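For reference, final_36.cif is printed below; it contains mmCIF, C-alpha atoms and all ligand atoms.
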data_entry
#
loop_
_atom_site.group_PDB
_atom_site.id
_atom_site.type_symbol
_atom_site.label_atom_id
_atom_site.label_comp_id
_atom_site.auth_asym_id
_atom_site.auth_seq_id
_atom_site.Cartn_x
_atom_site.Cartn_y
_atom_site.Cartn_z
ATOM 1 C CA MET A 1 -2.685 135.879 -89.785
ATOM 2 C CA LYS A 2 0.695 134.500 -90.514
ATOM 3 C CA ARG A 3 3.419 135.373 -88.218
ATOM 4 C CA GLU A 4 6.763 136.242 -89.666
ATOM 5 C CA ASN A 5 9.285 133.918 -88.260
ATOM 6 C CA THR A 6 12.485 134.901 -89.864
ATOM 7 C CA LEU A 7 15.626 133.116 -88.986
ATOM 8 C CA VAL A 8 18.300 135.695 -89.019
ATOM 9 C CA PRO A 9 21.674 134.120 -89.451
ATOM 10 C CA LYS A 10 23.748 135.308 -86.606
ATOM 11 C CA PRO A 11 27.162 136.452 -87.707
ATOM 12 C CA ARG A 12 28.949 134.351 -85.192
ATOM 13 C CA SER A 13 32.637 134.259 -85.318
ATOM 14 C CA HIS A 14 34.292 131.048 -84.405
ATOM 15 C CA PHE A 15 37.475 129.072 -84.649
ATOM 16 C CA VAL A 16 38.045 126.421 -87.233
ATOM 17 C CA SER A 17 40.691 123.797 -87.568
ATOM 18 C CA VAL A 18 42.516 124.074 -90.864
ATOM 19 C CA GLN A 19 45.025 121.637 -92.234
ATOM 20 C CA CYS A 20 47.819 122.772 -94.468
ATOM 21 C CA ASN A 21 47.554 121.422 -98.006
ATOM 22 C CA LYS A 22 51.276 121.191 -98.259
ATOM 23 C CA CYS A 23 52.616 119.687 -95.071
ATOM 24 C CA GLY A 24 49.500 118.604 -93.189
ATOM 25 C CA GLU A 25 50.116 120.785 -90.155
ATOM 26 C CA LYS A 26 46.905 121.671 -88.322
ATOM 27 C CA THR A 27 46.291 125.239 -87.289
ATOM 28 C CA THR A 28 43.406 126.871 -85.492
ATOM 29 C CA VAL A 29 42.145 129.831 -87.459
ATOM 30 C CA PHE A 30 39.740 132.501 -86.338
ATOM 31 C CA THR A 31 37.087 132.878 -89.036
ATOM 32 C CA HIS A 32 36.958 136.619 -88.694
ATOM 33 C CA THR A 33 40.641 137.173 -88.777
ATOM 34 C CA THR A 34 41.837 140.476 -90.069
ATOM 35 C CA THR A 35 45.216 139.168 -91.012
ATOM 36 C CA ASN A 36 46.367 136.498 -93.393
ATOM 37 C CA ILE A 37 47.236 133.237 -91.711
ATOM 38 C CA ASN A 38 50.131 131.170 -92.886
ATOM 39 C CA CYS A 39 51.110 127.679 -91.900
ATOM 40 C CA LYS A 40 53.470 127.878 -88.971
ATOM 41 C CA ALA A 41 55.448 124.950 -90.262
ATOM 42 C CA CYS A 42 55.951 125.695 -93.945
ATOM 43 C CA GLY A 43 54.500 129.156 -94.524
ATOM 44 C CA GLU A 44 51.772 128.070 -96.921
ATOM 45 C CA PRO A 45 48.776 130.444 -96.766
ATOM 46 C CA LEU A 46 45.914 128.912 -94.809
ATOM 47 C CA ALA A 47 43.474 131.773 -94.589
ATOM 48 C CA GLU A 48 43.161 135.022 -96.391
ATOM 49 C CA ARG A 49 41.239 137.995 -95.165
ATOM 50 C CA SER A 50 38.379 138.943 -97.410
ATOM 51 C CA GLY A 51 35.980 141.526 -96.125
ATOM 52 C CA SER A 52 34.835 140.652 -92.641
ATOM 53 C CA LYS A 53 35.303 136.933 -92.942
ATOM 54 C CA ALA A 54 38.400 134.990 -93.753
ATOM 55 C CA LYS A 55 38.598 132.803 -96.792
ATOM 56 C CA ILE A 56 39.935 129.412 -95.833
ATOM 57 C CA LEU A 57 42.594 128.267 -98.250
ATOM 58 C CA GLY A 58 43.689 125.119 -96.515
ATOM 59 C CA LYS A 59 41.652 122.009 -95.793
ATOM 60 C CA LEU A 60 38.836 122.759 -93.398
ATOM 61 C CA LEU A 61 38.708 120.036 -90.772
ATOM 62 C CA GLY A 62 35.958 121.320 -88.584
ATOM 63 C CA THR A 63 34.608 123.975 -86.334
ATOM 64 C CA LEU A 64 35.813 124.427 -82.831
ATOM 65 C CA ASP A 65 32.772 125.831 -81.154
ATOM 66 C CA GLN A 66 33.448 128.245 -78.320
HETATM 67 ZN ZN ZN B 101 52.345 123.698 -93.991
#

Kindly return the structure encoded in the file as structure tokens.
Ligand SMILES: [Zn+2]
Amino acid sequence: MKRENTLVPKPRSHFVSVQCNKCGEKTTVFTHTTTNINCKACGEPLAERSGSKAKILGKLLGTLDQ
């Protein structure tokens, strides 16, 4: 008998570090943001809300776990 061992991807929200494509400013973005995030330095859009998860528009530098 084979046991079902399904790995359910946990919808974990986390913070990511995003760099602005325009000016290079780094901003911490919550991946489940419900608002659009713009660069605080130049106003370039960095993340756009799409459904439950944000779409990262800038350069994704990495995940900041916890
Ligand atoms: Zn910028």

Could you expand the PyMOL selection byres (((chain A and resi 64) around 10) and not hetatm) into the explicit residues it covers here, written as a PyMOL selection string? chain A and resi 14-17+28-30+61-63+65-66

Pick out the residues sitting within 9 Å of Ser13 (chain A), and hand them over as JSON, numbers by chain; count only C-alpha atoms, and ignore anything fewer than 4 positions along from it in its own chain. {"A": [30, 31, 32, 53]}

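For the pair CA of Ser50 (chain A) and CA of Val18 (chain A), the interatomic distance is 16.8 Å.
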
Give the residue list for ligand ZN 101 (chain B) at 7 Å, counting all atoms listed in the file, as number ranges by chain, sorted by chain and then by residue number. A: 20-25, 39-44

State, in Å with one decimal place, the distance from CA of Lys59 (chain A) to CA of Leu46 (chain A).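 Computed distance, CA of Lys59 (chain A) to CA of Leu46 (chain A), equals 8.2 Å.
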